[in-house]
>>> print(open('input_24.txt').read())   # compact mmCIF, C-alpha atoms and all ligand atoms
# COMPACT_ATOMS: atom_id res chain seq x y z
CA MET A 1 161.59 62.21 217.60
CA ALA A 2 163.50 62.33 214.33
CA LYS A 3 167.15 61.67 213.55
CA VAL A 4 168.29 64.83 211.76
CA LEU A 5 171.48 65.63 209.85
CA VAL A 6 172.31 69.28 209.15
CA VAL A 7 174.91 69.85 206.43
CA GLY A 8 176.77 73.17 206.83
CA GLY A 9 177.57 75.32 209.85
CA GLY A 10 176.65 78.76 208.44
CA PRO A 11 173.66 80.77 209.72
CA GLY A 12 171.12 78.51 207.96
CA GLY A 13 172.54 75.25 209.34
CA LEU A 14 173.13 76.61 212.84
CA SER A 15 169.60 78.01 213.03
CA ALA A 16 168.16 74.67 211.86
CA ALA A 17 170.28 72.76 214.39
CA ILE A 18 169.28 75.02 217.31
CA HIS A 19 165.57 74.88 216.57
CA ALA A 20 165.49 71.17 215.74
CA ALA A 21 167.45 70.25 218.90
CA ARG A 22 165.21 72.48 221.03
CA ARG A 23 162.22 70.57 219.69
CA GLY A 24 163.78 67.37 221.01
CA HIS A 25 165.09 65.88 217.76
CA ARG A 26 168.42 64.02 217.65
CA VAL A 27 170.55 66.46 215.65
CA LYS A 28 174.00 66.16 214.16
CA LEU A 29 175.54 69.11 212.28
CA VAL A 30 178.51 68.53 210.01
CA GLU A 31 180.70 71.40 208.78
CA LYS A 32 183.33 71.14 206.04
CA TYR A 33 185.80 73.44 207.84
CA ARG A 34 185.53 74.91 211.34
CA ILE A 35 182.52 76.95 212.47
CA GLY A 36 183.12 80.65 211.79
CA GLU A 37 185.95 79.94 209.36
CA ASN A 38 184.53 79.75 205.83
CA ILE A 39 182.66 83.06 205.68
CA ARG A 40 181.99 85.09 202.52
CA CYS A 41 180.14 88.12 203.70
CA ALA A 42 180.24 91.90 204.21
CA GLU A 43 178.80 91.22 207.70
CA GLY A 44 175.81 93.53 207.53
CA PHE A 45 172.98 91.83 209.42
CA PHE A 46 169.69 93.20 208.02
CA ASP A 47 166.62 91.77 209.70
CA ALA A 48 164.40 93.10 206.91
CA LEU A 49 161.14 91.59 208.19
CA LYS A 50 161.90 92.49 211.84
CA LYS A 51 161.34 88.89 212.92
CA LEU A 52 164.76 88.17 214.42
CA GLY A 53 165.90 91.15 216.49
CA LYS A 54 169.43 92.01 217.55
CA PRO A 55 171.99 89.22 217.02
CA SER A 56 172.86 87.46 220.27
CA ALA A 57 176.64 88.02 219.87
CA GLY A 58 179.24 89.73 217.71
CA VAL A 59 177.45 93.08 217.26
CA LYS A 60 179.87 95.90 216.34
CA PHE A 61 177.33 98.72 215.98
CA LYS A 62 173.80 99.54 214.89
CA VAL A 63 173.85 101.24 211.51
CA GLU A 64 172.54 104.82 211.63
CA LYS A 65 172.72 105.99 208.03
CA LEU A 66 173.10 104.53 204.57
CA ILE A 67 175.21 106.83 202.40
CA VAL A 68 174.29 106.27 198.75
CA LYS A 69 176.70 107.62 196.13
CA ILE A 70 175.39 107.84 192.58
CA LYS A 71 176.12 111.14 190.80
CA ASN A 72 175.29 112.93 194.02
CA THR A 73 175.55 111.60 197.52
CA HIS A 74 172.30 110.80 199.33
CA GLU A 75 171.75 109.84 202.95
CA VAL A 76 169.07 107.50 204.25
CA ASP A 77 168.19 107.37 207.94
CA MET A 78 168.41 103.68 208.92
CA ARG A 79 167.70 104.01 212.63
CA MET A 80 164.18 102.61 212.34
CA LEU A 81 165.52 99.47 210.64
CA ASN A 82 167.02 96.36 212.24
CA LEU A 83 170.46 96.69 210.67
CA TRP A 84 173.68 95.88 212.49
CA MET A 85 177.33 95.43 211.60
CA ILE A 86 178.47 92.15 213.10
CA ASP A 87 181.54 89.97 213.46
CA ARG A 88 180.10 86.90 211.76
CA SER A 89 182.75 84.52 212.98
CA GLU A 90 182.12 85.45 216.62
CA TRP A 91 178.35 85.35 216.09
CA GLN A 92 178.41 81.91 214.40
CA LYS A 93 180.60 80.48 217.16
CA SER A 94 178.06 81.69 219.69
CA LEU A 95 175.22 80.10 217.66
CA ALA A 96 177.20 76.84 217.69
CA GLU A 97 177.33 77.09 221.52
CA GLU A 98 173.55 77.51 221.53
CA ALA A 99 173.14 74.43 219.33
CA LEU A 100 175.37 72.37 221.64
CA GLU A 101 173.46 73.57 224.72
CA ALA A 102 170.22 72.54 223.02
CA GLY A 103 171.67 69.02 222.60
CA ALA A 104 172.96 68.99 219.02
CA VAL A 105 176.23 67.28 218.13
CA ILE A 106 178.63 69.24 215.92
CA GLU A 107 181.39 67.70 213.81
CA GLU A 108 183.87 70.09 212.21
CA ASN A 109 186.27 69.41 209.31
CA CYS A 110 183.71 66.92 208.10
CA PRO A 111 182.68 67.52 204.45
CA VAL A 112 179.71 65.66 202.98
CA SER A 113 180.15 64.69 199.33
CA PRO A 114 177.26 64.36 196.84
CA LYS A 115 177.99 60.61 196.76
CA ASP A 116 177.55 60.36 200.56
CA LEU A 117 173.99 61.67 200.30
CA GLU A 118 172.46 58.41 199.09
CA SER A 119 173.46 56.46 202.20
CA LEU A 120 172.88 59.44 204.54
CA LYS A 121 169.30 59.68 203.26
CA ARG A 122 168.74 56.15 204.56
CA ASP A 123 170.57 56.73 207.87
CA TYR A 124 168.66 59.90 208.80
CA ASP A 125 164.94 60.70 208.87
CA VAL A 126 165.58 64.23 207.64
CA ILE A 127 168.58 65.99 206.09
CA ILE A 128 168.69 69.78 206.20
CA ASP A 129 171.07 70.97 203.50
CA ALA A 130 172.53 74.37 204.43
CA SER A 131 175.77 73.96 202.51
CA GLY A 132 175.43 77.22 200.53
CA ALA A 133 175.39 77.61 196.75
CA PRO A 134 175.93 75.32 194.93
CA SER A 135 174.58 72.93 197.55
CA VAL A 136 175.63 69.33 198.03
CA THR A 137 172.09 68.29 197.08
CA SER A 138 172.24 70.26 193.82
CA MET A 139 175.40 68.39 192.84
CA ALA A 140 173.85 65.02 193.66
CA TYR A 141 170.56 65.76 191.84
CA GLY A 142 172.14 67.70 188.95
CA PHE A 143 170.69 71.20 189.35
CA SER A 144 173.76 73.15 190.47
CA THR A 145 173.61 75.49 187.42
CA LEU A 146 170.23 76.84 188.64
CA TYR A 147 171.97 79.09 191.20
CA LYS A 148 173.95 80.90 188.52
CA GLN A 149 170.89 81.70 186.42
CA ASN A 150 169.83 84.40 188.89
CA CYS A 151 172.62 85.62 191.08
CA GLY A 152 174.90 88.45 192.06
CA LYS A 153 178.61 87.84 191.45
CA THR A 154 180.87 89.49 193.99
CA VAL A 155 184.46 90.36 194.91
CA GLN A 156 185.33 91.72 198.33
CA LEU A 157 188.44 92.96 200.10
CA THR A 158 188.91 93.47 203.81
CA LEU A 159 190.96 96.63 204.21
CA GLU A 160 192.88 98.16 207.08
CA GLY A 161 193.02 101.95 207.25
CA ASP A 162 191.00 104.93 208.45
CA PHE A 163 187.23 104.38 208.22
CA SER A 164 186.31 106.61 211.17
CA HIS A 165 184.55 109.01 208.76
CA ILE A 166 182.03 106.26 207.83
CA VAL A 167 181.36 104.47 211.18
CA PRO A 168 178.53 104.01 212.36
CA ASN A 169 177.17 104.15 208.82
CA PHE A 170 177.30 102.02 205.70
CA LYS A 171 178.21 103.40 202.31
CA VAL A 172 177.10 102.01 198.94
CA GLY A 173 177.62 103.38 195.44
CA LEU A 174 176.51 102.82 191.85
CA LEU A 175 178.76 102.95 188.81
CA PRO A 176 177.84 103.81 185.19
CA GLY A 177 177.28 100.66 183.13
CA LEU A 178 177.02 98.33 186.12
CA PHE A 179 173.76 96.77 187.25
CA GLY A 180 174.97 96.27 190.78
CA TYR A 181 176.69 98.29 193.47
CA TYR A 182 179.77 98.63 195.62
CA TRP A 183 179.78 98.71 199.39
CA ILE A 184 181.94 99.92 202.26
CA PHE A 185 180.86 98.28 205.50
CA PRO A 186 183.24 99.33 208.30
CA LYS A 187 184.05 96.74 210.94
CA GLY A 188 185.24 99.61 213.16
CA PRO A 189 187.24 102.83 212.74
CA SER A 190 190.28 101.04 211.26
CA SER A 191 188.98 98.24 209.00
CA ALA A 192 186.15 97.56 206.56
CA ASN A 193 184.71 95.08 204.09
CA VAL A 194 184.81 96.77 200.69
CA GLY A 195 183.26 94.91 197.79
CA ILE A 196 181.36 95.05 194.55
CA GLY A 197 178.53 92.96 193.10
CA ASN A 198 177.25 92.52 189.56
CA PHE A 199 173.58 91.51 189.34
CA GLY A 200 173.45 91.78 185.56
CA ARG A 201 173.81 88.95 183.06
CA GLU A 202 176.68 90.58 181.16
CA PRO A 203 180.08 89.50 182.51
CA VAL A 204 182.03 92.33 184.11
CA LYS A 205 185.66 92.49 185.26
CA LEU A 206 184.71 93.02 188.88
CA ARG A 207 188.25 93.06 190.25
CA ASN A 208 189.16 95.96 187.89
CA LEU A 209 186.01 97.82 188.86
CA LEU A 210 186.85 97.35 192.51
CA GLU A 211 190.24 98.99 191.89
CA GLN A 212 188.36 101.96 190.41
CA VAL A 213 186.17 102.10 193.50
CA LEU A 214 189.23 102.17 195.75
CA GLU A 215 190.50 105.16 193.74
CA ILE A 216 187.16 106.99 193.82
CA GLU A 217 186.84 106.43 197.55
CA GLY A 218 190.47 107.28 198.35
CA LEU A 219 191.23 103.78 199.65
CA SER A 220 193.99 102.76 197.21
CA GLY A 221 196.83 102.82 199.76
CA TYR A 222 194.96 100.76 202.36
CA ARG A 223 196.31 97.35 203.34
CA VAL A 224 194.38 94.32 202.03
CA THR A 225 194.06 91.62 204.69
CA ARG A 226 191.63 89.28 202.88
CA GLU A 227 190.14 88.81 199.43
CA ILE A 228 187.06 86.72 198.70
CA GLY A 229 184.54 86.20 195.96
CA GLY A 230 181.31 84.32 195.61
CA ILE A 231 177.76 84.33 194.35
CA CYS A 232 174.54 85.48 195.98
CA PRO A 233 171.71 83.31 194.55
CA THR A 234 168.81 85.72 194.17
CA ARG A 235 165.89 83.49 193.23
CA MET A 236 164.21 81.00 195.53
CA LEU A 237 164.54 77.62 193.86
CA PRO A 238 161.31 76.19 192.42
CA ARG A 239 161.76 73.03 194.56
CA LEU A 240 163.06 73.16 198.13
CA SER A 241 162.80 69.49 199.04
CA TYR A 242 164.24 66.35 197.46
CA ASP A 243 163.21 63.03 199.04
CA ASN A 244 163.89 63.62 202.76
CA ILE A 245 166.21 66.60 202.13
CA LEU A 246 165.16 70.20 202.84
CA LEU A 247 167.17 73.10 201.39
CA VAL A 248 167.74 76.22 203.49
CA GLY A 249 169.57 79.56 203.13
CA ASP A 250 171.72 80.05 200.02
CA ALA A 251 171.18 76.38 199.18
CA ALA A 252 167.50 77.32 198.66
CA GLY A 253 168.43 80.38 196.56
CA LEU A 254 167.55 82.81 199.33
CA THR A 255 169.42 86.08 199.01
CA SER A 256 167.74 89.39 198.33
CA PRO A 257 167.30 90.14 194.59
CA LEU A 258 167.75 93.81 195.48
CA HIS A 259 170.95 93.77 197.56
CA GLY A 260 172.17 90.17 197.87
CA GLY A 261 171.86 89.99 201.67
CA GLY A 262 170.88 86.55 202.90
CA ILE A 263 171.77 86.10 206.58
CA ASP A 264 168.24 86.81 207.79
CA MET A 265 166.60 84.47 205.27
CA ALA A 266 169.12 81.73 206.12
CA LEU A 267 168.10 82.00 209.79
CA LEU A 268 164.37 82.07 209.02
CA SER A 269 164.50 79.17 206.56
CA GLY A 270 166.60 77.13 209.02
CA MET A 271 163.98 77.73 211.69
CA LEU A 272 161.09 76.80 209.39
CA ALA A 273 162.89 73.66 208.19
CA ALA A 274 163.31 72.57 211.82
CA ARG A 275 159.61 73.19 212.47
CA SER A 276 158.71 71.13 209.41
CA ILE A 277 160.45 67.96 210.61
CA GLY A 278 157.86 65.19 210.54
CA LEU A 279 155.44 67.32 208.48
CA GLY A 280 157.15 66.96 205.11
CA GLY A 281 158.73 69.04 202.38
CA ILE A 282 155.45 70.43 201.04
CA PHE A 283 154.63 71.90 204.45
CA TYR A 284 158.10 73.52 204.56
CA GLU A 285 157.86 74.96 201.04
CA LYS A 286 154.37 76.34 201.65
CA ASN A 287 155.30 78.08 204.88
CA LEU A 288 158.58 79.45 203.58
CA LYS A 289 156.88 80.90 200.49
CA LYS A 290 154.18 82.42 202.69
CA LEU A 291 156.79 84.07 204.92
CA LEU A 292 159.32 85.27 202.32
CA GLY A 293 157.35 85.33 199.05
CA PRO A 294 155.90 88.89 199.32
CA ARG A 295 159.25 90.40 200.28
CA LEU A 296 161.09 88.61 197.50
CA GLU A 297 158.49 89.69 195.01
CA VAL A 298 158.68 93.39 195.94
CA GLU A 299 162.49 93.34 195.97
CA GLY A 300 162.62 91.41 192.69
CA ALA A 301 160.34 93.93 190.96
CA ALA A 302 162.32 96.85 192.43
CA SER A 303 165.54 95.37 191.10
CA ARG A 304 164.00 95.03 187.60
CA ILE A 305 163.07 98.73 187.76
CA TRP A 306 166.65 99.53 188.75
CA GLU A 307 167.96 97.51 185.80
CA LYS A 308 165.71 99.44 183.40
CA LEU A 309 166.54 102.85 184.86
CA GLY A 310 170.30 102.49 184.71
CA TYR A 311 172.77 104.85 186.37
CA ASP A 312 171.24 108.21 185.32
CA GLY A 313 167.68 107.10 186.01
CA MET A 314 168.62 105.80 189.45
CA GLU A 315 170.12 109.16 190.41
CA GLU A 316 166.76 110.76 189.75
CA TRP A 317 164.65 107.92 191.16
CA VAL A 318 166.59 107.47 194.39
CA GLY A 319 166.44 111.25 195.00
CA LYS A 320 162.67 111.22 194.50
CA MET A 321 162.12 108.09 196.61
CA LEU A 322 164.05 109.67 199.46
CA ARG A 323 162.35 113.07 199.23
CA THR A 324 158.87 111.53 199.16
CA LYS A 325 159.83 108.74 201.61
CA THR A 326 158.31 106.19 199.16
CA TYR A 327 161.39 103.99 199.67
CA ARG A 328 159.57 102.79 202.78
CA LEU A 329 157.19 100.87 200.49
CA LEU A 330 160.11 98.51 199.87
CA LEU A 331 160.46 97.73 203.53
CA GLN A 332 156.90 96.68 204.28
CA PRO A 333 155.74 94.27 201.58
CA THR A 334 151.95 94.30 201.33
CA ARG A 335 149.57 93.20 198.57
CA PHE A 336 149.40 96.82 197.42
CA ASN A 337 153.20 97.14 197.16
CA ILE A 338 153.53 93.86 195.33
CA PHE A 339 150.94 94.99 192.78
CA LEU A 340 152.52 98.46 192.48
CA PHE A 341 156.10 97.29 191.98
CA ARG A 342 155.11 94.38 189.71
CA THR A 343 153.10 96.73 187.49
CA LEU A 344 155.83 99.35 187.39
CA ALA A 345 158.43 96.77 186.47
CA ARG A 346 156.15 95.62 183.60
CA ILE A 347 154.94 98.90 182.15
CA GLY A 348 158.17 100.80 182.43
CA VAL A 349 159.38 103.24 184.99
CA TRP A 350 158.57 106.45 183.09
CA TYR A 351 155.09 106.26 184.60
CA PHE A 352 156.49 106.09 188.09
CA SER A 353 158.69 109.09 187.39
CA ILE A 354 155.61 111.09 186.36
CA VAL A 355 153.60 109.95 189.38
CA LEU A 356 156.36 110.93 191.74
C1 LIG B 1 180.87 88.84 199.15
C2 LIG B 1 179.56 88.58 199.84
C3 LIG B 1 179.09 89.52 200.76
C4 LIG B 1 177.89 89.29 201.43
N1 LIG B 1 177.46 90.20 202.36
C5 LIG B 1 176.32 90.00 203.03
C6 LIG B 1 175.89 90.90 204.04
O1 LIG B 1 176.56 91.88 204.35
N2 LIG B 1 174.71 90.64 204.66
C7 LIG B 1 173.95 89.54 204.38
O2 LIG B 1 172.88 89.37 204.97
N3 LIG B 1 174.34 88.66 203.46
C8 LIG B 1 175.51 88.84 202.78
N4 LIG B 1 175.93 87.92 201.86
C9 LIG B 1 175.15 86.69 201.69
C10 LIG B 1 175.36 85.80 202.90
O3 LIG B 1 176.73 85.64 203.17
C11 LIG B 1 174.68 84.43 202.67
O4 LIG B 1 173.37 84.63 202.23
C12 LIG B 1 174.68 83.59 203.96
O5 LIG B 1 175.97 83.30 204.37
C13 LIG B 1 173.91 82.29 203.72
O6 LIG B 1 174.03 81.46 204.83
P1 LIG B 1 173.97 79.87 204.65
O7 LIG B 1 174.03 79.31 206.03
O8 LIG B 1 172.86 79.51 203.77
O9 LIG B 1 175.28 79.50 203.83
P2 LIG B 1 176.83 79.74 204.16
O10 LIG B 1 177.01 80.91 205.04
O11 LIG B 1 177.50 79.74 202.84
O12 LIG B 1 177.25 78.46 204.98
C14 LIG B 1 177.42 77.23 204.35
C15 LIG B 1 178.30 76.39 205.23
O13 LIG B 1 178.33 75.06 204.74
C16 LIG B 1 179.65 74.58 204.73
N5 LIG B 1 179.73 73.56 203.67
C17 LIG B 1 179.81 73.76 202.34
N6 LIG B 1 179.88 72.58 201.70
C18 LIG B 1 179.84 71.63 202.64
C19 LIG B 1 179.90 70.22 202.59
N7 LIG B 1 180.01 69.57 201.44
N8 LIG B 1 179.84 69.52 203.76
C20 LIG B 1 179.74 70.18 204.95
N9 LIG B 1 179.71 71.53 205.04
C21 LIG B 1 179.74 72.24 203.91
C22 LIG B 1 180.50 75.81 204.43
O14 LIG B 1 181.83 75.63 204.87
C23 LIG B 1 179.76 76.87 205.24
O15 LIG B 1 180.22 76.97 206.57
C24 LIG B 1 177.12 88.12 201.16
C25 LIG B 1 177.59 87.19 200.23
C26 LIG B 1 178.79 87.42 199.56
C27 LIG B 1 179.28 86.39 198.58
>>> encode(input="input_24.txt", output="structure tokens", more="lines below")
Ligand SMILES: Cc1cc2nc3c(=O)[nH]c(=O)nc-3n(C[C@H](O)[C@H](O)[C@H](O)COP(=O)(O)OP(=O)(O)OC[C@H]3O[C@@H](n4cnc5c(N)ncnc54)[C@H](O)[C@@H]3O)c2cc1C
Amino acid sequence: MAKVLVVGGGPGGLSAAIHAARRGHRVKLVEKYRIGENIRCAEGFFDALKKLGKPSAGVKFKVEKLIVKIKNTHEVDMRMLNLWMIDRSEWQKSLAEEALEAGAVIEENCPVSPKDLESLKRDYDVIIDASGAPSVTSMAYGFSTLYKQNCGKTVQLTLEGDFSHIVPNFKVGLLPGLFGYYWIFPKGPSSANVGIGNFGREPVKLRNLLEQVLEIEGLSGYRVTREIGGICPTRMLPRLSYDNILLVGDAAGLTSPLHGGGIDMALLSGMLAARSIGLGGIFYEKNLKKLLGPRLEVEGAASRIWEKLGYDGMEEWVGKMLRTKTYRLLLQPTRFNIFLFRTLARIGVWYFSIVL
């Protein structure tokens, strides 16, 4: 049985600790702050591949509709998807309980520095780095800029006010000139996470745009209780293991290139890293790419189409995708979909518009 160190007590690290401890390994998880404290998230739990099921704790509601505001407002029925609004802090604390029950040791307020890694690599058989982006490993090995090459930059406010007209739905919107979107994810009838993300390379004054969103959505007078920002790394890193270190979750570059969500991939990569203990980094990389590669490819190609179409094109395209129900192709990545989306992204979307 291996001696395992997990760095980071987010979804990726907690999942790795639970699965590694359940397999009988000696696991220690170290978290820089307290579990459930350092969270940058809109708290939408989207189990895109339907491999995880309902979160074990912290569920606020199952999302019924996605309201999409471009020029017009569109509605997408989400009931067939595994999409929940959760309280991430409560959920992560419950995952920490599961890890402790499985036999893991958890140390809070215990940051690992890049310098510490050298000696930790000798003290432990395996290190699972789930410290987010940029990861501790990236700072030690000098690749921390890789995360910023493909990422969504975000700003988010938690607001108090009346959101009863949106619950139990999520609302997202596009803005002219922005390759990205804003979101309103209600935590309940009287508070919501309201944010905006820029997936383009051009810098954008996100905070100003968010003010515009608040005006458009009639939320300007609402009380701000929290403000956060952060990046969503949207490309799986070319290498996921360094010596005896395995990267999981955001540290591995695993958020969706289409929407920036990464909780599900953090859980899945944590689980696969735990299963790979004793089998090596190549085994982990191979299995993770097999599991997530097709989805990431379809979503990546779809996001390139979105970038080419722009605001006006998306109004037309989203309307057509919804009317013909072809948006479902995005949700079930198959060889056919990969080929279709990859080709469309290459040849230009005018063809797709004609076909539809
Ligand atoms: C504004 C915003 C909104 C988002 N909304 C959603 C959403 O609605 N749905 C979704 O699925 N995804 C969302 N995401 C992405 C999602 O939050 C991440 O993909 C997810 O948290 C990744 O989990 P993780 O465990 O890899 O990393 P993290 O959740 O970042 O956890 C990393 C942990 O490591 C700890 N840590 C960091 N450095 C050290 C260190 N040196 N030593 C010890 N511990 C350390 C941190 O304190 C933290 O607890 C959002 C991201 C942003 C920025």
>>> closest_residue(input="input_24.txt", among="A:Glu217, A:Asp243, A:Glu43, A:Glu97", to="ligand LIG 1 (chain B)", atoms="all atoms listed in the file")
A:Glu43
>>> residues_around(input="input_24.txt", residues="Val59 of chain A", least_positions_apart="6", cutoff="10 Å", atoms="all atoms listed in the file", output="list of chain:residue names")
A:Glu43, A:Gly44, A:Phe45, A:Trp84, A:Met85, A:Ile86, A:Asp87, A:Arg88, A:Glu90, A:Trp91, A:Lys187
>>> residues_around(input="input_24.txt", residues="Leu254 of chain A", least_positions_apart="3", cutoff="8 Å", atoms="all atoms listed in the file", output="ChimeraX atom specification")
/A:233-236,248-251,262,265-266
>>> axis_aligned_box(input="input_24.txt", around="ligand LIG 1 (chain B)", padding_each_side="3 Å", output="JSON")
{"center_x": 177.3, "center_y": 80.7, "center_z": 202.6, "size_x": 15.0, "size_y": 28.4, "size_z": 14.0}
>>> closest_residue(input="input_24.txt", among="A:Leu309, A:Ala99, A:Ala48, A:Ala140", to="Leu330 of chain A", atoms="only C-alpha atoms")
A:Ala48
>>> closest_residue(input="input_24.txt", among="A:Asn169, A:Thr154, A:Ser56, A:Asn193", to="Leu214 of chain A", atoms="all atoms listed in the file")
A:Asn193
>>> residues_around(input="input_24.txt", residues="Leu267 of chain A", least_positions_apart="5", cutoff="7 Å", atoms="all atoms listed in the file", output="list of chain:residue names")
A:Pro11, A:Gly12, A:Ser15
>>> atom_distance(input="input_24.txt", atom1="atom CA of Ala17 of chain A", atom2="atom CA of Ala104 of chain A")
6.5 Å
>>> decode(input="input_24.txt", residues="segment 192-254 of chain A", atoms="C-alpha atoms", output="PDB file, in the first residue's frame")
ATOM      1  CA  ALA A 192     -27.550  34.235  -6.566  1.00  0.00           C
ATOM      2  CA  ASN A 193     -24.086  33.949  -8.046  1.00  0.00           C
ATOM      3  CA  VAL A 194     -23.925  36.432 -10.914  1.00  0.00           C
ATOM      4  CA  GLY A 195     -20.786  36.469 -12.998  1.00  0.00           C
ATOM      5  CA  ILE A 196     -19.184  36.928 -16.372  1.00  0.00           C
ATOM      6  CA  GLY A 197     -16.429  35.070 -18.220  1.00  0.00           C
ATOM      7  CA  ASN A 198     -14.237  36.042 -21.156  1.00  0.00           C
ATOM      8  CA  PHE A 199     -12.943  33.086 -23.192  1.00  0.00           C
ATOM      9  CA  GLY A 200     -11.351  35.264 -25.856  1.00  0.00           C
ATOM     10  CA  ARG A 201      -7.707  36.298 -26.069  1.00  0.00           C
ATOM     11  CA  GLU A 202      -8.449  40.028 -26.185  1.00  0.00           C
ATOM     12  CA  PRO A 203      -8.433  41.600 -22.710  1.00  0.00           C
ATOM     13  CA  VAL A 204     -11.844  42.874 -21.621  1.00  0.00           C
ATOM     14  CA  LYS A 205     -12.831  45.044 -18.648  1.00  0.00           C
ATOM     15  CA  LEU A 206     -14.958  42.329 -17.104  1.00  0.00           C
ATOM     16  CA  ARG A 207     -15.949  44.272 -13.997  1.00  0.00           C
ATOM     17  CA  ASN A 208     -17.418  47.069 -16.185  1.00  0.00           C
ATOM     18  CA  LEU A 209     -19.248  44.541 -18.323  1.00  0.00           C
ATOM     19  CA  LEU A 210     -20.662  42.932 -15.204  1.00  0.00           C
ATOM     20  CA  GLU A 211     -22.078  46.326 -14.161  1.00  0.00           C
ATOM     21  CA  GLN A 212     -23.800  46.480 -17.567  1.00  0.00           C
ATOM     22  CA  VAL A 213     -25.226  43.012 -16.985  1.00  0.00           C
ATOM     23  CA  LEU A 214     -26.631  44.084 -13.616  1.00  0.00           C
ATOM     24  CA  GLU A 215     -28.374  46.990 -15.384  1.00  0.00           C
ATOM     25  CA  ILE A 216     -29.736  44.816 -18.207  1.00  0.00           C
ATOM     26  CA  GLU A 217     -31.015  42.247 -15.734  1.00  0.00           C
ATOM     27  CA  GLY A 218     -32.445  44.793 -13.282  1.00  0.00           C
ATOM     28  CA  LEU A 219     -30.072  43.748 -10.481  1.00  0.00           C
ATOM     29  CA  SER A 220     -28.239  47.049  -9.904  1.00  0.00           C
ATOM     30  CA  GLY A 221     -29.752  47.758  -6.480  1.00  0.00           C
ATOM     31  CA  TYR A 222     -29.057  44.284  -5.099  1.00  0.00           C
ATOM     32  CA  ARG A 223     -26.659  43.903  -2.168  1.00  0.00           C
ATOM     33  CA  VAL A 224     -23.225  42.427  -2.974  1.00  0.00           C
ATOM     34  CA  THR A 225     -22.125  39.949  -0.304  1.00  0.00           C
ATOM     35  CA  ARG A 226     -19.016  38.547  -2.032  1.00  0.00           C
ATOM     36  CA  GLU A 227     -16.822  39.295  -5.030  1.00  0.00           C
ATOM     37  CA  ILE A 228     -14.391  36.821  -6.572  1.00  0.00           C
ATOM     38  CA  GLY A 229     -12.405  36.350  -9.736  1.00  0.00           C
ATOM     39  CA  GLY A 230     -10.333  33.593 -11.203  1.00  0.00           C
ATOM     40  CA  ILE A 231      -9.436  31.597 -14.267  1.00  0.00           C
ATOM     41  CA  CYS A 232     -10.960  28.439 -15.719  1.00  0.00           C
ATOM     42  CA  PRO A 233      -8.144  26.553 -17.522  1.00  0.00           C
ATOM     43  CA  THR A 234      -9.825  25.138 -20.607  1.00  0.00           C
ATOM     44  CA  ARG A 235      -7.185  22.877 -22.138  1.00  0.00           C
ATOM     45  CA  MET A 236      -5.988  19.615 -20.641  1.00  0.00           C
ATOM     46  CA  LEU A 237      -2.251  20.005 -20.106  1.00  0.00           C
ATOM     47  CA  PRO A 238      -0.048  17.994 -22.483  1.00  0.00           C
ATOM     48  CA  ARG A 239       1.637  16.296 -19.476  1.00  0.00           C
ATOM     49  CA  LEU A 240      -0.297  15.247 -16.386  1.00  0.00           C
ATOM     50  CA  SER A 241       2.489  13.597 -14.408  1.00  0.00           C
ATOM     51  CA  TYR A 242       5.872  14.852 -13.211  1.00  0.00           C
ATOM     52  CA  ASP A 243       8.091  12.308 -11.438  1.00  0.00           C
ATOM     53  CA  ASN A 244       5.729  10.799  -8.830  1.00  0.00           C
ATOM     54  CA  ILE A 245       3.238  13.703  -9.029  1.00  0.00           C
ATOM     55  CA  LEU A 246      -0.161  13.374 -10.738  1.00  0.00           C
ATOM     56  CA  LEU A 247      -2.158  16.498 -11.640  1.00  0.00           C
ATOM     57  CA  VAL A 248      -5.942  16.490 -11.212  1.00  0.00           C
ATOM     58  CA  GLY A 249      -8.832  18.942 -11.702  1.00  0.00           C
ATOM     59  CA  ASP A 250      -7.940  22.547 -12.577  1.00  0.00           C
ATOM     60  CA  ALA A 251      -4.280  21.704 -11.931  1.00  0.00           C
ATOM     61  CA  ALA A 252      -4.555  19.399 -14.982  1.00  0.00           C
ATOM     62  CA  GLY A 253      -6.292  22.117 -17.050  1.00  0.00           C
ATOM     63  CA  LEU A 254      -9.666  20.421 -16.818  1.00  0.00           C
TER      64      LEU A 254
END
